[in-house]
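Raw contents of protein_15.txt, compact mmCIF, C-alpha atoms:
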# COMPACT_ATOMS: atom_id res chain seq x y z
CA MET Q 241 1.60 4.86 24.41
CA ALA Q 242 0.59 1.84 22.32
CA THR Q 243 -2.70 0.29 23.30
CA GLU Q 244 -2.17 -2.99 21.44
CA GLU Q 245 0.72 -5.12 20.28
CA ILE Q 246 2.83 -3.64 17.50
CA LYS Q 247 3.94 -6.28 15.03
CA GLU Q 248 7.28 -5.33 13.48
CA LEU Q 249 7.65 -6.09 9.80
CA PRO Q 250 10.82 -7.86 8.64
CA LYS Q 251 13.48 -5.36 7.69
CA SER Q 252 13.55 -6.53 4.07
CA TRP Q 253 10.04 -5.33 3.40
CA ALA Q 254 11.30 -1.85 2.65
CA MET Q 255 11.35 -0.96 -1.04
CA ILE Q 256 14.73 -0.66 -2.81
CA GLY Q 257 16.19 2.68 -1.73
CA GLY Q 258 18.34 5.28 -3.44
CA ASP Q 259 17.64 6.76 -6.84
CA GLY Q 260 19.54 4.31 -9.03
CA PRO Q 261 18.14 2.34 -12.00
CA GLN Q 262 16.75 -0.47 -9.80
CA SER Q 263 15.35 1.81 -7.07
CA TYR Q 264 11.70 2.11 -6.16
CA SER Q 265 11.85 5.84 -6.85
CA GLN Q 266 12.74 5.06 -10.47
CA ASN Q 267 10.38 2.09 -10.82
CA SER Q 268 7.06 3.07 -9.32
CA SER Q 269 5.30 4.60 -12.31
CA TYR Q 270 2.23 2.44 -11.72
CA GLN Q 271 1.93 3.70 -8.15
CA LYS Q 272 2.36 7.26 -9.46
CA GLY Q 273 -0.53 6.58 -11.85
CA VAL Q 274 -2.67 5.57 -8.86
CA VAL Q 275 -1.87 8.87 -7.11
CA ASP Q 276 -2.70 10.83 -10.26
CA ALA Q 277 -5.96 8.91 -10.78
CA SER Q 278 -7.04 9.64 -7.22
CA LYS Q 279 -6.36 13.39 -7.33
CA GLU Q 280 -9.88 14.47 -8.30
CA MET Q 281 -11.53 12.16 -5.75
CA VAL Q 282 -9.24 13.44 -2.98
CA THR Q 283 -9.97 17.05 -3.93
CA GLU Q 284 -13.74 16.53 -4.07
CA GLY Q 285 -13.71 14.50 -0.86
CA ILE Q 286 -11.93 17.25 1.04
CA LYS Q 287 -14.22 19.88 -0.46
CA ASP Q 288 -17.38 18.01 0.53
CA LYS Q 289 -16.40 16.19 3.73
CA LEU Q 290 -13.80 18.27 5.59
CA ASP Q 291 -15.33 20.78 8.02
CA PHE Q 292 -12.93 23.02 9.92
CA LYS Q 293 -15.70 24.21 12.24
CA SER Q 294 -16.54 20.70 13.41
CA LEU Q 295 -12.82 20.11 13.94
CA ALA Q 296 -12.80 23.13 16.29
CA PHE Q 297 -9.75 24.21 14.31
CA ASP Q 298 -8.23 27.59 15.19
CA SER Q 299 -6.21 28.63 12.14
CA SER Q 300 -4.52 31.44 14.03
CA ASN Q 301 -2.88 28.97 16.43
CA ASP Q 302 -3.32 25.43 15.11
CA THR Q 303 -1.22 23.50 12.61
CA PHE Q 304 -2.98 21.19 10.16
CA ARG Q 305 -1.27 17.81 10.53
CA ILE Q 306 -1.13 15.14 7.84
CA ALA Q 307 0.48 11.68 7.78
CA ASP Q 308 1.26 9.36 4.89
CA PHE Q 309 1.41 5.78 6.16
CA GLY Q 310 3.69 3.70 3.94
CA CYS Q 311 5.42 6.57 2.12
CA ALA Q 312 8.39 4.58 0.68
CA VAL Q 313 11.22 6.73 -0.75
CA GLY Q 314 9.31 9.19 -2.94
CA PRO Q 315 8.57 10.98 -5.10
CA ASN Q 316 4.99 9.65 -5.18
CA THR Q 317 4.37 10.56 -1.55
CA PHE Q 318 5.24 14.19 -2.30
CA PHE Q 319 2.71 14.36 -5.13
CA ALA Q 320 0.02 12.88 -2.87
CA VAL Q 321 0.79 15.32 -0.03
CA GLU Q 322 0.83 18.33 -2.37
CA ASN Q 323 -2.59 17.35 -3.74
CA ILE Q 324 -3.98 17.08 -0.20
CA ILE Q 325 -2.52 20.41 0.92
CA LYS Q 326 -3.85 22.26 -2.11
CA ALA Q 327 -7.36 20.89 -1.53
CA VAL Q 328 -7.24 21.66 2.20
CA GLU Q 329 -6.15 25.24 1.48
CA HIS Q 330 -9.06 25.73 -0.91
CA LYS Q 331 -11.54 24.35 1.62
CA HIS Q 332 -10.10 26.50 4.40
CA HIS Q 333 -10.34 29.61 2.23
CA ALA Q 334 -13.95 28.74 1.36
CA GLN Q 335 -14.88 28.51 5.05
CA PHE Q 336 -12.75 31.40 6.34
CA ASN Q 337 -12.20 34.08 3.72
CA ASN Q 338 -10.02 36.47 5.67
CA SER Q 339 -8.09 34.09 7.91
CA PRO Q 340 -4.29 33.81 7.77
CA PRO Q 341 -2.70 31.03 5.65
CA LEU Q 342 -2.70 27.57 7.15
CA ALA Q 343 0.43 26.05 8.66
CA PHE Q 344 1.03 22.39 7.79
CA GLN Q 345 3.06 19.56 9.25
CA VAL Q 346 3.49 16.26 7.41
CA PHE Q 347 4.62 12.96 8.93
CA PHE Q 348 6.20 10.49 6.49
CA ASN Q 349 5.86 6.93 7.81
CA ASP Q 350 7.41 3.66 6.74
CA VAL Q 351 9.33 0.74 8.24
CA PRO Q 352 12.57 1.69 10.05
CA THR Q 353 14.79 0.42 7.22
CA ASN Q 354 13.02 2.54 4.62
CA ASP Q 355 15.46 4.86 2.86
CA PHE Q 356 14.48 8.04 4.69
CA ASN Q 357 17.78 9.65 3.63
CA THR Q 358 16.74 9.63 -0.03
CA LEU Q 359 13.23 10.68 0.94
CA PHE Q 360 14.36 13.78 2.78
CA LYS Q 361 17.13 14.65 0.32
CA THR Q 362 14.49 14.94 -2.40
CA LEU Q 363 12.03 17.10 -0.44
CA HIS Q 364 11.18 20.25 -2.38
CA PRO Q 365 13.03 23.19 -0.82
CA ASN Q 366 10.01 25.48 -1.28
CA ARG Q 367 7.43 23.13 0.21
CA LYS Q 368 4.53 24.54 2.24
CA TYR Q 369 4.94 22.21 5.22
CA LEU Q 370 7.22 21.12 8.02
CA ALA Q 371 8.36 17.53 7.45
CA ALA Q 372 9.08 14.75 9.93
CA GLY Q 373 10.01 11.10 9.55
CA LEU Q 374 7.92 8.53 11.41
CA PRO Q 375 9.64 5.12 11.38
CA GLY Q 376 7.70 2.03 12.43
CA THR Q 377 5.04 -0.38 11.21
CA PHE Q 378 1.65 1.21 10.63
CA TYR Q 379 0.11 -1.90 12.20
CA GLY Q 380 0.26 -0.17 15.58
CA ARG Q 381 0.21 3.26 17.25
CA LEU Q 382 2.80 5.76 16.03
CA LEU Q 383 1.54 9.15 17.25
CA PRO Q 384 -0.09 10.68 20.36
CA LYS Q 385 -3.86 10.74 20.64
CA SER Q 386 -5.70 13.17 18.33
CA THR Q 387 -2.57 14.32 16.49
CA LEU Q 388 -3.79 14.17 12.89
CA HIS Q 389 -6.43 15.99 10.88
CA PHE Q 390 -5.82 13.98 7.71
CA ALA Q 391 -4.21 10.60 7.04
CA CYS Q 392 -3.53 8.74 3.83
CA SER Q 393 -2.16 5.36 2.84
CA SER Q 394 -1.57 4.52 -0.81
CA TYR Q 395 -0.86 1.04 -2.09
CA CYS Q 396 0.19 -0.38 1.28
CA LEU Q 397 -2.65 -2.17 3.01
CA GLN Q 398 -2.70 -5.12 0.62
CA TRP Q 399 0.59 -5.98 2.38
CA LEU Q 400 -0.04 -8.16 5.41
CA SER Q 401 1.90 -7.86 8.64
CA LYS Q 402 2.98 -11.47 8.15
CA VAL Q 403 2.27 -14.57 6.08
CA PRO Q 404 -0.40 -16.67 7.83
CA LYS Q 405 1.47 -19.48 9.60
CA GLU Q 406 -0.98 -22.13 8.36
CA VAL Q 407 0.00 -21.69 4.71
CA VAL Q 408 3.63 -22.68 5.31
CA ASP Q 409 2.81 -25.54 7.70
CA SER Q 410 3.03 -28.90 5.91
CA LYS Q 411 0.66 -30.43 8.49
CA SER Q 412 -2.05 -27.82 7.97
CA PRO Q 413 -5.00 -28.16 5.57
CA ALA Q 414 -4.06 -24.61 4.45
CA TRP Q 415 -0.53 -25.59 3.38
CA ASN Q 416 0.02 -23.69 0.15
CA LYS Q 417 2.52 -26.03 -1.49
CA GLY Q 418 3.12 -25.26 -5.16
CA SER Q 419 2.05 -21.61 -5.00
CA ILE Q 420 3.55 -18.40 -3.61
CA GLN Q 421 0.27 -16.47 -3.39
CA CYS Q 422 -3.33 -16.62 -2.29
CA ASP Q 423 -4.63 -17.58 -5.72
CA GLY Q 424 -8.17 -18.32 -4.50
CA LEU Q 425 -8.15 -21.94 -5.65
CA LYS Q 426 -7.92 -23.53 -2.22
CA LYS Q 427 -10.51 -22.39 0.31
CA GLU Q 428 -8.35 -23.16 3.36
CA VAL Q 429 -5.55 -20.92 2.02
CA THR Q 430 -8.00 -18.14 1.18
CA LYS Q 431 -9.57 -18.39 4.64
CA ALA Q 432 -6.15 -18.06 6.33
CA TYR Q 433 -5.15 -15.04 4.23
CA SER Q 434 -8.55 -13.41 4.70
CA ALA Q 435 -8.36 -13.84 8.48
CA GLN Q 436 -4.91 -12.24 8.57
CA PHE Q 437 -6.12 -9.35 6.42
CA GLN Q 438 -9.12 -8.75 8.68
CA SER Q 439 -6.91 -8.78 11.77
CA ASP Q 440 -4.38 -6.39 10.21
CA MET Q 441 -7.02 -3.99 8.92
CA ASN Q 442 -8.68 -3.88 12.30
CA THR Q 443 -5.34 -3.15 13.98
CA PHE Q 444 -4.63 -0.40 11.45
CA LEU Q 445 -8.04 1.22 11.90
CA ASN Q 446 -7.85 1.08 15.69
CA ALA Q 447 -4.42 2.71 15.69
CA ARG Q 448 -5.48 5.48 13.30
CA ALA Q 449 -8.67 6.05 15.31
CA GLN Q 450 -6.49 6.99 18.28
CA GLU Q 451 -4.33 9.33 16.21
CA ILE Q 452 -6.97 11.14 14.10
CA VAL Q 453 -9.19 13.82 15.62
CA GLY Q 454 -12.96 13.48 15.54
CA GLY Q 455 -14.15 14.68 12.12
CA GLY Q 456 -10.71 14.07 10.61
CA LEU Q 457 -10.40 12.29 7.28
CA MET Q 458 -8.41 9.32 5.98
CA VAL Q 459 -7.87 8.23 2.38
CA ILE Q 460 -6.99 4.59 1.75
CA ILE Q 461 -5.98 3.42 -1.72
CA MET Q 462 -5.23 -0.27 -2.03
CA ALA Q 463 -5.06 -3.01 -4.62
CA GLY Q 464 -7.97 -5.41 -4.66
CA LEU Q 465 -10.25 -7.59 -6.74
CA PRO Q 466 -13.78 -7.15 -8.10
CA ASP Q 467 -16.43 -8.90 -6.03
CA GLY Q 468 -16.61 -12.60 -6.90
CA ILE Q 469 -13.24 -12.72 -8.68
CA ILE Q 470 -10.25 -14.72 -7.41
CA MET Q 471 -6.57 -13.96 -7.96
CA SER Q 472 -6.01 -16.76 -10.47
CA GLN Q 473 -8.58 -15.13 -12.78
CA ALA Q 474 -6.87 -11.73 -12.71
CA GLY Q 475 -3.81 -10.52 -14.60
CA VAL Q 476 -2.00 -9.69 -11.37
CA GLY Q 477 -2.50 -13.26 -10.14
CA MET Q 478 -1.00 -14.55 -13.39
CA TYR Q 479 1.95 -12.20 -12.84
CA TYR Q 480 2.63 -13.67 -9.38
CA GLU Q 481 2.08 -17.18 -10.73
CA LEU Q 482 4.79 -16.62 -13.33
CA LEU Q 483 7.14 -15.28 -10.66
CA GLY Q 484 6.42 -18.34 -8.52
CA SER Q 485 7.03 -20.70 -11.44
CA CYS Q 486 10.53 -19.22 -11.83
CA ILE Q 487 11.28 -20.09 -8.21
CA VAL Q 488 9.88 -23.63 -8.65
CA ASP Q 489 11.97 -24.11 -11.82
CA MET Q 490 15.11 -23.12 -9.95
CA ALA Q 491 14.32 -25.70 -7.27
CA LYS Q 492 14.00 -28.38 -9.97
CA LEU Q 493 17.44 -27.35 -11.24
CA GLY Q 494 18.86 -27.62 -7.74
CA GLU Q 495 19.59 -23.89 -7.51
CA ILE Q 496 17.17 -23.43 -4.59
CA SER Q 497 16.11 -26.04 -2.07
CA GLU Q 498 12.56 -27.38 -2.37
CA GLU Q 499 12.09 -26.73 1.35
CA LYS Q 500 12.88 -23.04 0.79
CA VAL Q 501 10.32 -22.86 -2.00
CA ASP Q 502 7.60 -24.58 0.02
CA SER Q 503 8.12 -22.17 2.91
CA PHE Q 504 7.82 -19.01 0.80
CA ASN Q 505 4.54 -17.13 0.29
CA LEU Q 506 3.91 -13.52 -0.62
CA PRO Q 507 2.40 -11.52 2.27
CA LEU Q 508 -0.18 -9.99 -0.07
CA TYR Q 509 -3.96 -10.16 -0.02
CA TYR Q 510 -6.20 -8.54 -2.63
CA SER Q 511 -9.60 -7.98 -1.08
CA SER Q 512 -13.01 -7.16 -2.50
CA SER Q 513 -14.88 -3.95 -1.71
CA THR Q 514 -17.55 -5.99 0.09
CA GLU Q 515 -14.95 -7.51 2.40
CA ILE Q 516 -13.33 -4.14 3.16
CA GLU Q 517 -16.68 -2.45 3.77
CA GLU Q 518 -17.66 -5.12 6.29
CA ILE Q 519 -14.36 -4.76 8.18
CA ILE Q 520 -14.72 -0.98 8.42
CA LYS Q 521 -18.33 -1.17 9.59
CA VAL Q 522 -17.60 -3.81 12.23
CA ASN Q 523 -14.59 -1.80 13.46
CA GLY Q 524 -16.93 1.11 14.10
CA ASN Q 525 -14.42 3.96 14.40
CA PHE Q 526 -15.01 5.53 10.99
CA SER Q 527 -17.85 6.28 8.61
CA ILE Q 528 -17.41 5.45 4.93
CA GLU Q 529 -17.83 8.71 3.03
CA ILE Q 530 -16.67 7.48 -0.39
CA MET Q 531 -15.97 3.96 -1.63
CA ASP Q 532 -15.09 3.60 -5.28
CA SER Q 533 -12.47 2.23 -7.64
CA LEU Q 534 -9.90 4.16 -9.63
CA SER Q 535 -9.63 4.09 -13.38
CA HIS Q 536 -6.23 4.41 -14.99
CA GLN Q 537 -4.03 2.75 -17.61
CA ILE Q 538 -2.26 -0.41 -16.49
CA TRP Q 539 -0.23 -1.35 -19.56
CA GLN Q 540 1.98 0.67 -21.91
CA THR Q 541 1.45 0.56 -25.67
CA SER Q 542 4.69 -1.36 -26.32
CA LYS Q 543 5.13 -5.01 -25.29
CA LYS Q 544 8.85 -4.39 -24.70
CA SER Q 545 8.05 -1.48 -22.38
CA ASN Q 546 5.49 -3.56 -20.50
CA ILE Q 547 7.98 -6.36 -19.90
CA GLU Q 548 10.71 -3.98 -18.75
CA VAL Q 549 8.35 -2.12 -16.41
CA SER Q 550 6.91 -5.37 -15.06
CA VAL Q 551 10.34 -6.79 -14.22
CA SER Q 552 11.93 -3.61 -12.85
CA GLY Q 553 8.80 -2.65 -10.91
CA GLY Q 554 8.52 -6.13 -9.40
CA ARG Q 555 12.17 -6.13 -8.47
CA ALA Q 556 11.96 -2.72 -6.77
CA VAL Q 557 9.13 -4.05 -4.59
CA PHE Q 558 10.05 -7.70 -3.96
CA GLN Q 559 13.84 -7.87 -4.06
CA GLY Q 560 14.36 -7.36 -0.33
CA LEU Q 561 11.70 -9.88 0.61
CA LEU Q 562 13.17 -12.49 -1.77
CA GLU Q 563 16.74 -11.82 -0.62
CA GLU Q 564 15.85 -12.45 3.00
CA HIS Q 565 14.39 -15.83 2.12
CA PHE Q 566 16.56 -17.07 -0.76
CA ALA Q 567 19.80 -14.96 -0.59
CA SER Q 568 20.90 -12.30 -3.07
CA GLU Q 569 22.63 -14.65 -5.53
CA ALA Q 570 19.42 -16.60 -6.09
CA VAL Q 571 17.36 -13.42 -6.49
CA GLU Q 572 19.50 -12.28 -9.40
CA LYS Q 573 18.71 -15.55 -11.19
CA ILE Q 574 15.02 -15.39 -10.24
CA PHE Q 575 14.61 -12.07 -12.06
CA GLU Q 576 16.64 -13.28 -15.05
CA HIS Q 577 14.24 -16.22 -15.38
CA PHE Q 578 11.29 -13.93 -14.76
CA ALA Q 579 12.25 -11.52 -17.57
CA LYS Q 580 12.50 -14.43 -20.02
CA LYS Q 581 9.22 -16.01 -18.89
CA LEU Q 582 7.39 -12.72 -19.17
CA ALA Q 583 8.70 -12.22 -22.70
CA ASP Q 584 7.66 -15.75 -23.70
CA ASN Q 585 4.25 -15.65 -22.02
CA PHE Q 586 3.14 -12.03 -22.12
CA SER Q 587 0.14 -12.89 -24.29
CA ILE Q 588 -1.55 -14.53 -21.27
CA PHE Q 589 -2.23 -11.07 -19.89
CA ASP Q 590 -4.20 -10.18 -23.01
CA GLY Q 591 -6.36 -13.19 -22.30
CA ALA Q 592 -6.82 -12.48 -18.61
CA ALA Q 593 -10.50 -12.63 -17.75
CA HIS Q 594 -10.21 -9.75 -15.29
CA GLU Q 595 -7.90 -6.99 -14.09
CA HIS Q 596 -7.43 -6.22 -10.44
CA ILE Q 597 -8.94 -2.97 -9.18
CA ASP Q 598 -7.60 -0.16 -7.04
CA HIS Q 599 -9.96 0.67 -4.19
CA PHE Q 600 -10.44 4.32 -3.21
CA ILE Q 601 -11.88 4.78 0.28
CA LEU Q 602 -12.51 8.04 2.13
CA LEU Q 603 -13.23 7.62 5.84
CA LYS Q 604 -14.25 10.15 8.50
CA ARG Q 605 -13.34 9.61 12.13
CA HIS Q 606 -16.37 9.44 14.39
CA PHE Q 607 -16.60 11.94 17.24
CA ASN Q 608 -16.21 10.26 20.62

Spit out the file's structure as structure tokens when you get a sec.
Amino acid sequence: MATEEIKELPKSWAMIGGDGPQSYSQNSSYQKGVVDASKEMVTEGIKDKLDFKSLAFDSSNDTFRIADFGCAVGPNTFFAVENIIKAVEHKHHAQFNNSPPLAFQVFFNDVPTNDFNTLFKTLHPNRKYLAAGLPGTFYGRLLPKSTLHFACSSYCLQWLSKVPKEVVDSKSPAWNKGSIQCDGLKKEVTKAYSAQFQSDMNTFLNARAQEIVGGGLMVIIMAGLPDGIIMSQAGVGMYYELLGSCIVDMAKLGEISEEKVDSFNLPLYYSSSTEIEEIIKVNGNFSIEIMDSLSHQIWQTSKKSNIEVSVSGGRAVFQGLLEEHFASEAVEKIFEHFAKKLADNFSIFDGAAHEHIDHFILLKRHFN
């Protein structure tokens, strides 16, 4: 079925499962804020851009099919899906007053080691849709041709399919020694990360173009940077820099080998809207219907709350990735150091020249 190579993500890139105190489901309030902030844009986008007649949709026989690519363990994915379904129902009623209620099917996608058990245990019993799990990397085909009428991906596509090999090669001009991120300070590193991001985005768009019907819609929400701003100038870059400094400190203490530190980079790339727009246009499978940024609160009012949320949220996302590279014993110490460093240096975020932005993009699949 796949028309191009599917690149499997390492198993550790799943978020922490379950519903315990360290789980992603209990430590993803920021991501929930992104979903909430996007609700009005999603609703208006569906109202203005979804056309059942152009879809040749027969509500008496057809099922409206939705997929969330990168759903994690919930509950944020459920909020996003409910918002979409409500808006689709309103649009359908506006176009066809007397037609029967729509039937919905939702595919929940994430890597195979995602905690689908927790996801499906927490599904609302009175939901309006049939649910199905869809394990596999979204950097490749996952569904038959023209399966979907609506796709969404929230806070996933800043994750690369892999770290560019150049940045961990000591013989390469792009060797990123001394940093765990693409901080924007070394052009060779930025070029390598940017090339990987472009390749991954193109793979993602090509796969979704096969799966989404002509006239179907896709919402992409992803972390990024304002045009002309580099990671080291943004609060999020300072956050990753602090995390990296904890790892470097542990190497100096002999708790982690220097070789391990030099070979570790975060597979994250925060792109500008200009860069994303160019990739989508060159890809040619979708039209850009809306491209904007979301506005929502990043920090809590209390410094103590901010530190706790920053550490627990980071751990829920990065623990598996760090454990695969450094082993679980080291990761425990990394986050102990990180909590202390955040407490001692939290004022740097007040002085950050810029915040990152959250891109909101609504795409429509071209008709073949």

What's around stretch 313-324 of chain Q at 7 Å? Count all atoms listed in the file, leave out sequence neighbours fewer than 2 positions away in its own chain, and write the answer as number ranges by chain.
Q: 257, 265, 272, 275, 279, 282, 311, 326-328, 355-356, 358-359

Can you spit out the residues from that selection as a PDB file, in the coordinates of the input, using C-alpha atoms?
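The resulting file, result.pdb, is reproduced below:
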ATOM      1  CA  GLY Q 257      16.190   2.680  -1.730  1.00  0.00           C
ATOM      2  CA  SER Q 265      11.850   5.840  -6.850  1.00  0.00           C
ATOM      3  CA  LYS Q 272       2.360   7.260  -9.460  1.00  0.00           C
ATOM      4  CA  VAL Q 275      -1.870   8.870  -7.110  1.00  0.00           C
ATOM      5  CA  LYS Q 279      -6.360  13.390  -7.330  1.00  0.00           C
ATOM      6  CA  VAL Q 282      -9.240  13.440  -2.980  1.00  0.00           C
ATOM      7  CA  CYS Q 311       5.420   6.570   2.120  1.00  0.00           C
ATOM      8  CA  LYS Q 326      -3.850  22.260  -2.110  1.00  0.00           C
ATOM      9  CA  ALA Q 327      -7.360  20.890  -1.530  1.00  0.00           C
ATOM     10  CA  VAL Q 328      -7.240  21.660   2.200  1.00  0.00           C
ATOM     11  CA  ASP Q 355      15.460   4.860   2.860  1.00  0.00           C
ATOM     12  CA  PHE Q 356      14.480   8.040   4.690  1.00  0.00           C
ATOM     13  CA  THR Q 358      16.740   9.630  -0.030  1.00  0.00           C
ATOM     14  CA  LEU Q 359      13.230  10.680   0.940  1.00  0.00           C
TER      15      LEU Q 359
END

Polymer residues at most 7 Å from Q:Asp308, all atoms listed in the file, same-chain spacing of 6 or more positions, as a list in words:
Phe347, Phe348, Asn349, Ala391, Cys392 and Ser393 of chain Q

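Within 9 Å of Q:Leu295, once all atoms listed in the file are used and residues closer than 2 positions along the same chain are dropped, the contacting residues are Q:Leu290, Q:Asp291, Q:Phe292, Q:Lys293, Q:Phe297, Q:Asp298, Q:His389, Q:Val453, Q:Gly454, Q:Gly455, Q:Gly456.
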
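Between atom CA of Q:Leu363 and atom CA of Q:Leu382 there is a distance of 22.0 Å.
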
Identify, on the basis of all atoms listed in the file, every residue whose closest approach to Q:Trp415 does not exceed 12 Å; exclude the query and any residue fewer than 3 positions from it along the same chain; express the result as a tab-separated table (two decimals) with C-alpha atoms, keeping the file's coordinate frame.
chain	number	residue	atom	x	y	z
Q	403	VAL	CA	2.27	-14.57	6.08
Q	404	PRO	CA	-0.40	-16.67	7.83
Q	405	LYS	CA	1.47	-19.48	9.60
Q	406	GLU	CA	-0.98	-22.13	8.36
Q	407	VAL	CA	0.00	-21.69	4.71
Q	408	VAL	CA	3.63	-22.68	5.31
Q	409	ASP	CA	2.81	-25.54	7.70
Q	410	SER	CA	3.03	-28.90	5.91
Q	411	LYS	CA	0.66	-30.43	8.49
Q	412	SER	CA	-2.05	-27.82	7.97
Q	418	GLY	CA	3.12	-25.26	-5.16
Q	419	SER	CA	2.05	-21.61	-5.00
Q	420	ILE	CA	3.55	-18.40	-3.61
Q	421	GLN	CA	0.27	-16.47	-3.39
Q	422	CYS	CA	-3.33	-16.62	-2.29
Q	426	LYS	CA	-7.92	-23.53	-2.22
Q	427	LYS	CA	-10.51	-22.39	0.31
Q	428	GLU	CA	-8.35	-23.16	3.36
Q	429	VAL	CA	-5.55	-20.92	2.02
Q	430	THR	CA	-8.00	-18.14	1.18
Q	431	LYS	CA	-9.57	-18.39	4.64
Q	432	ALA	CA	-6.15	-18.06	6.33
Q	433	TYR	CA	-5.15	-15.04	4.23
Q	502	ASP	CA	7.60	-24.58	0.02
Q	503	SER	CA	8.12	-22.17	2.91
Q	504	PHE	CA	7.82	-19.01	0.80
Q	505	ASN	CA	4.54	-17.13	0.29

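The coordinates place atom CA of Q:Gln266 at 20.5 Å from atom CA of Q:Pro365.
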
Gap from atom CA of Q:Ile516 to atom CA of Q:Lys402 - Å, one decimal
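Separation of atom CA of Q:Ile516 and atom CA of Q:Lys402: 18.6 Å.
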
Edge lengths and centre, in Å to one decimal, as lines of an AutoDock Vina configuration file: that's what I need for the box along x, y and z that holds all listed atoms of stretch 567-577 of chain Q plus 6 Å on each side.
center_x = 18.4
center_y = -14.3
center_z = -8.0
size_x = 20.4
size_y = 16.5
size_z = 26.8

Give the answer as one residue: which of Q:Leu603, Q:Leu534, Q:Ala579, Q:Ala414 has the shortest atom-to-atom distance to Q:Arg555, using all atoms listed in the file?
Q:Ala579

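Counting all atoms listed in the file, the residue from Q:Leu508, Q:Ile574, Q:Cys396, Q:Ala371 that sits nearest to Q:Asp350 is Q:Cys396.
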
Residues within 10 Å of Q:Phe336, please, as an MDAnalysis selection string. Count all atoms listed in the file; anything in the same chain fewer than 3 positions from it doesn't count.
chainID Q and resid 292:293 299 330:333 339:340

Between Q:Gln436, Q:Asn354, Q:Ser268, Q:Thr303, single out the one closest to Q:Ser511, counting only C-alpha atoms.
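The shortest atom-to-atom distance to Q:Ser511 comes from Q:Gln436.
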
My list of candidates is Q:Val549, Q:Val476, Q:Val522, Q:Met458. Which is closest to Q:Arg305 when distances are computed with all atoms listed in the file?
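Comparing Q:Val549, Q:Val476, Q:Val522, Q:Met458 against Q:Arg305, the winner is Q:Met458.
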
Between Q:Phe437, Q:Trp253, Q:Phe558, Q:Tyr395, single out the one closest to Q:Glu572, counting all atoms listed in the file.
Q:Phe558

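Closest to Q:Ser434 among Q:Gln398, Q:Thr353, Q:Ser263, Q:Ser269 is Q:Gln398, based on all atoms listed in the file.
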